[in-house]
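Step one of this worksheet: look at the structure below.
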Amino acid sequence: MTRDPAKRTVADAVAPLLFAAVALGIGWALRDMALDDPFITYRYAENLAAGRGFVYNAGERVLSTTTPLYALLLAMGRLLTSDLPALSNGIGILSIWAGAWVLYRTAQRLGRPAAGLVAGVLYAAFPLLWLSLGFEVPFYLLLALLGFHLYFRGRTTLAAIPLGLATLTRFDGAIPAGVVFLLAGVQALRGGQGSAAQRLWVGVAWPVLVYLAVMAPVLVWLTWYFGSPVPVTLGAKSAQTALGVTGFYAGTTFVQGALILAKAWFSQTPLYALLAVAALAGLAAAVRRDRWALALVLWAALYGIGYHVLRVAPYHWYYAPFVPAGVALAGLGVAWAVEVHGRVAGAGRVAAAILAVATLLALGISDFRIAEALRTDALISPERPDYKALPEAKTAVYRQVGEWLAANTPADADVGVTEVGVMGYYAKRRMVDFLGLLRPPVAQALARGDVAWALFHYQPDYLALTEVNPLYSYDIRRDEWFRAAYAPVQQFPDARFWGGPVTVYRRIVPRSVAQTVGVLPASATPLNVRFGPAIQLLGYETEAQAARPGQSMAITLYWRASAPVGDDLYTFVHLLGEHDIVIAQRDGVPCMGGCPTRGWQAGQIYADRVLLALPQTAYAPDRAVWEVGFFSPTDGHRLPAYAESGAALGDHIRFGAVDVRPNVGDVPNPQDIRFEGKIALVGYDIDRRAAPPGETLRITLYWKALAPVDKDYTVFVHLLGEGADIWGQRDSMPQGGLAPTSAWQAGQIIRDEYEVRVKDESPALVCTLEVGLYDAATGIRLNVVDADGHVRDNRALLAKVRIIR
């Protein structure tokens, strides 16, 4: 069908203005969009522009950005403005506008202007693109769409240029490039001037060479600069996948992530059903006539299959490459309804209008929800059904933390974080990222399941951790070493962020570093014990012979390998009290992660300083010994130990003596465990630390009313085994009901005794004394809170008790 040239001129003039109105309007409303990951790239650009090199941490040549070309583009833009987040958002807004225009021009050239107009408007309004604002994603999609456009114009060689740039922007740009070259090859084989070989050379081989030539300078430079053009983040993302860390929920797959996004959008408005109808109608039209749209569908399909097969940990911006195919099909679906002829032509136009308006309205509702989320002062709860279709309200508080670190920490300090983007950009400090995006050894530790390795290995000067999941699956707040080594210095609340507040901690003990010595120091106690065929424990040193609950103890172990070890082995260092009960322990890579056994050199002596912290709740008095050995982190198998004479010692060695002394107080084993600011457990005692099944333990608790208590609570005292099994329990009102909590006076200390009988069927094991209070009417426990009122648990875990048979 031939179009009126006048109408075409008007359409060509109106279309970009329409796209501009949509893209610039939404872009202005979302101009403050900030997500965490892009700030990694911003810091690369900032450092390069400032002459510090194309690095994240100065002096560390590690490629952590997945978009080297975009980082270079931002570095050039840094010459114009210091506000890189605003610059990147501006590039994204203009890229979405231009991408809509390219889609329109492509469809127009192929005789589908109405489809192109609808597709362009939907593209400019699509919320997934706006949720990717600040990333390289809009710019990348623009380059890929430009490559397709030039190919459909018959300019495959010219198309290779934006496709090469797209691949340098995101390496999965090789997928649209591969689709274009595949289509060009099929076209060449179908016929034309010259031989098949000549057509393949001109139509495919030469464009591929141009494509490679475009990428070659940057790839060669990256290889020279970093040793490889492959970002280390690929290994980190793979390790995160193994741990279940994703941008959605733990263990979410790529397909599940797509379903979660779809469910979130449908929860905002059911009008998305009409977008799906339009896309399905467009797919039918594409199969029947508009085969050009199938090229975009093939791109999306190969992309989705690749990410699914590779088991990539999904994040919402990973789904943006599906948008061009989706809006193109929706545009064709609307255009198909317009072109219905005969008696139903009028109905077809009405249906087309309804589809176009409804789909645009659906996208507009989602865009409005995004803008609303950016400006709200209320909590954006993860319980919201559309939560995963909204930007997380954490970047504002992360920026506050980063700016505080920049103003209040030494310039040479290093900072450990779980999410490194925003905080790292504004902190301007050397960063340690616990998810492996900046340093390959961290990703390797994650791959073997050691989430806390980076903390123990690097022991940063400062930490910035969220209240919820501060170190993902590792509960850092229960780590006695962490509690002894770090102290909170500043807290940053934000009512909008469900994971807050964010707390900054400062290390208050010296960093344990890997050291080597020439000989065993004269101050050390010799041991000369061999583990396995090649590892010797020459001796040890302790800095104290006594400690109290809540204090830390340091021991230095002197290791020597008689031959290369070959494997990464872990040490276990236990402080054993009476009845072989573990008071404190540290299991992991030697030297707090600093000297893995795989790298040990034969004959070299390694000084392994281990810091243990005794729990505040540890029972005292007690008499303890050290227990040390090696085990495999893969299967838990321990290395056999041998004396200097060759005699077998089992799978560990015990030595030394440590006196665990009680803290001074008005009651035994003084504590300050607060239950919701109402009641505190201020001490406890137990008549013995070991008992067989059927016998009774006598436990005394000391309570203190912090304020008048408004109701009567029941006390529970449990012997808690592995897997939350209870092997002895007693639930009762205080003093058997003679001292109800409602009668307690503020400041009063109540002595409360319980007899707990060990169950007859109990196996031999070590149990933990679990204590707390609950409302008998509802069964709801009182929470244990810290001094700032933050919930830590709903029970107190006290002494350990061994059940013997």
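Identifiers in this document derive from the order of the structure tokens: chains are assigned A, B, ..., residues are numbered from 1 separately in each chain, and ligands are numbered from 1 in order of occurrence.
Near Leu79 of chain A, within 10 Å and counting only C-alpha atoms, sit Glu46, Ala49 and Ala50 of chain A, not including residues fewer than 6 positions from it in the same chain.
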Selection export as a PDB file, in the first residue's frame, atoms kept: N, CA and C atoms:
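File written: selection-v2.pdb
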```pdb
ATOM      1  N   GLU A  46      34.672   7.898  37.229  1.00  0.00           N
ATOM      2  CA  GLU A  46      35.207   8.985  38.053  1.00  0.00           C
ATOM      3  C   GLU A  46      36.710   8.843  38.221  1.00  0.00           C
ATOM      4  N   ALA A  49      38.549   9.598  34.875  1.00  0.00           N
ATOM      5  CA  ALA A  49      38.556  11.030  34.565  1.00  0.00           C
ATOM      6  C   ALA A  49      39.494  11.799  35.487  1.00  0.00           C
ATOM      7  N   ALA A  50      39.652  11.290  36.735  1.00  0.00           N
ATOM      8  CA  ALA A  50      40.514  11.977  37.702  1.00  0.00           C
ATOM      9  C   ALA A  50      41.979  11.565  37.585  1.00  0.00           C
TER      10      ALA A  50
END
```
Which residue gives the smallest distance to Ala250 of chain A among A:Phe226, A:Tyr315, A:Tyr606, A:Tyr684, with only C-alpha atoms counted? A:Tyr315
Hey, what does DSSP flag as alpha helix (DSSP H) within segment 39-253 of chain A? Can you give it to me as a PyMOL selection string? chain A and resi 39-49+68-77+84-109+113-125+127-130+137-152+156-169+174-190+196-200+206-226+233-243
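Closest approach to Leu557 of chain A among A:Val62, A:Ala115, A:Ile749, A:Val610 is made by A:Val610 (distances from only C-alpha atoms).
For segment 726-769 of chain A, the set of residues given strand (DSSP E or B) by DSSP on the backbone reads Ile726, Trp727, Gly728, Gln729, Arg730, Asp731, Ser732, Ile749, Ile750, Arg751, Asp752, Glu753, Tyr754, Glu755, Val756, Arg757, Leu765, Val766, Cys767, Thr768 and Leu769 of chain A.
What separates atom CA of Gly532 of chain A from atom CA of Leu569 of chain A is a distance of 11.1 Å.
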Can you pull out every residue within 9 Å of Gly436 of chain A, counting only C-alpha atoms, but drop anything in the same chain fewer than 2 positions away, and send it as a PyMOL selection string? chain A and resi 232-233+235-237+239-240+432-434+438-446+454
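The shell of residues at most 7 Å from Ala125 of chain A, with only C-alpha atoms counted and near chain neighbours (fewer than 3 positions) removed, consists of Val22, Ala23, Val121, Leu122, Leu363 and Gly364 of chain A.
You can rank A:Ala389, A:Ala300, A:Ser762, A:Leu294 by their closest distance to Asp367 of chain A using only C-alpha atoms, and at the top of that list sits A:Ala389.
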Spatial neighbours of segment 538-552 of chain A, 6 Å, only C-alpha atoms, chain gap at least 6 places, as number ranges by chain: A: 524-528, 558-559, 612-616, 618, 658-662
How about saving the chosen residues, N, CA and C atoms kept, as a PDB file, in the first residue's frame?
```pdb
ATOM      1  N   ALA A 524      57.410 -19.051  72.368  1.00  0.00           N
ATOM      2  CA  ALA A 524      56.350 -20.004  72.035  1.00  0.00           C
ATOM      3  C   ALA A 524      56.562 -21.327  72.771  1.00  0.00           C
ATOM      4  N   THR A 525      55.478 -22.024  73.007  1.00  0.00           N
ATOM      5  CA  THR A 525      55.519 -23.359  73.613  1.00  0.00           C
ATOM      6  C   THR A 525      55.584 -24.405  72.504  1.00  0.00           C
ATOM      7  N   PRO A 526      56.633 -25.216  72.435  1.00  0.00           N
ATOM      8  CA  PRO A 526      56.750 -26.207  71.354  1.00  0.00           C
ATOM      9  C   PRO A 526      55.693 -27.302  71.471  1.00  0.00           C
ATOM     10  N   LEU A 527      55.247 -27.807  70.309  1.00  0.00           N
ATOM     11  CA  LEU A 527      54.306 -28.922  70.261  1.00  0.00           C
ATOM     12  C   LEU A 527      54.789 -30.031  69.337  1.00  0.00           C
ATOM     13  N   ASN A 528      55.214 -29.654  68.106  1.00  0.00           N
ATOM     14  CA  ASN A 528      55.709 -30.614  67.123  1.00  0.00           C
ATOM     15  C   ASN A 528      54.710 -31.743  66.858  1.00  0.00           C
ATOM     16  N   TYR A 558      51.847 -21.741  65.119  1.00  0.00           N
ATOM     17  CA  TYR A 558      52.967 -21.712  64.176  1.00  0.00           C
ATOM     18  C   TYR A 558      52.947 -22.992  63.341  1.00  0.00           C
ATOM     19  N   TRP A 559      52.626 -22.824  62.050  1.00  0.00           N
ATOM     20  CA  TRP A 559      52.487 -23.952  61.136  1.00  0.00           C
ATOM     21  C   TRP A 559      53.695 -24.005  60.191  1.00  0.00           C
ATOM     22  N   LEU A 612      39.601 -15.255  69.352  1.00  0.00           N
ATOM     23  CA  LEU A 612      38.325 -15.833  69.768  1.00  0.00           C
ATOM     24  C   LEU A 612      37.676 -14.911  70.786  1.00  0.00           C
ATOM     25  N   ALA A 613      36.374 -14.844  70.753  1.00  0.00           N
ATOM     26  CA  ALA A 613      35.638 -14.040  71.727  1.00  0.00           C
ATOM     27  C   ALA A 613      34.731 -14.961  72.527  1.00  0.00           C
ATOM     28  N   LEU A 614      34.823 -14.863  73.825  1.00  0.00           N
ATOM     29  CA  LEU A 614      33.954 -15.660  74.687  1.00  0.00           C
ATOM     30  C   LEU A 614      32.567 -15.017  74.729  1.00  0.00           C
ATOM     31  N   PRO A 615      31.518 -15.790  74.524  1.00  0.00           N
ATOM     32  CA  PRO A 615      30.175 -15.211  74.588  1.00  0.00           C
ATOM     33  C   PRO A 615      29.907 -14.572  75.953  1.00  0.00           C
ATOM     34  N   GLN A 616      29.153 -13.491  75.936  1.00  0.00           N
ATOM     35  CA  GLN A 616      28.778 -12.848  77.187  1.00  0.00           C
ATOM     36  C   GLN A 616      27.987 -13.814  78.070  1.00  0.00           C
ATOM     37  N   ALA A 618      28.526 -17.030  78.319  1.00  0.00           N
ATOM     38  CA  ALA A 618      29.287 -18.227  78.703  1.00  0.00           C
ATOM     39  C   ALA A 618      29.255 -18.424  80.223  1.00  0.00           C
ATOM     40  N   VAL A 658      43.210 -22.498  80.155  1.00  0.00           N
ATOM     41  CA  VAL A 658      42.653 -21.146  80.237  1.00  0.00           C
ATOM     42  C   VAL A 658      41.659 -21.115  81.382  1.00  0.00           C
ATOM     43  N   ASP A 659      41.811 -20.145  82.250  1.00  0.00           N
ATOM     44  CA  ASP A 659      40.917 -19.978  83.379  1.00  0.00           C
ATOM     45  C   ASP A 659      39.795 -19.017  82.988  1.00  0.00           C
ATOM     46  N   VAL A 660      38.567 -19.506  82.907  1.00  0.00           N
ATOM     47  CA  VAL A 660      37.419 -18.659  82.579  1.00  0.00           C
ATOM     48  C   VAL A 660      36.826 -18.171  83.899  1.00  0.00           C
ATOM     49  N   ARG A 661      37.001 -16.888  84.174  1.00  0.00           N
ATOM     50  CA  ARG A 661      36.610 -16.323  85.455  1.00  0.00           C
ATOM     51  C   ARG A 661      35.269 -15.598  85.329  1.00  0.00           C
ATOM     52  N   PRO A 662      34.472 -15.646  86.380  1.00  0.00           N
ATOM     53  CA  PRO A 662      33.165 -14.984  86.302  1.00  0.00           C
ATOM     54  C   PRO A 662      33.297 -13.467  86.361  1.00  0.00           C
TER      55      PRO A 662
END
```
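Residues with any atom within 8 Å of Thr617 of chain A, counting only C-alpha atoms and excluding same-chain neighbours fewer than 3 positions away, are Pro549, Gly550, Asn669, Gln671, Leu797, Leu798 and Ala799 of chain A.
Closest approach to Gly116 of chain A among A:Ala764, A:Asp12, A:Gln187, A:Val350: A:Asp12, based on only C-alpha atoms.
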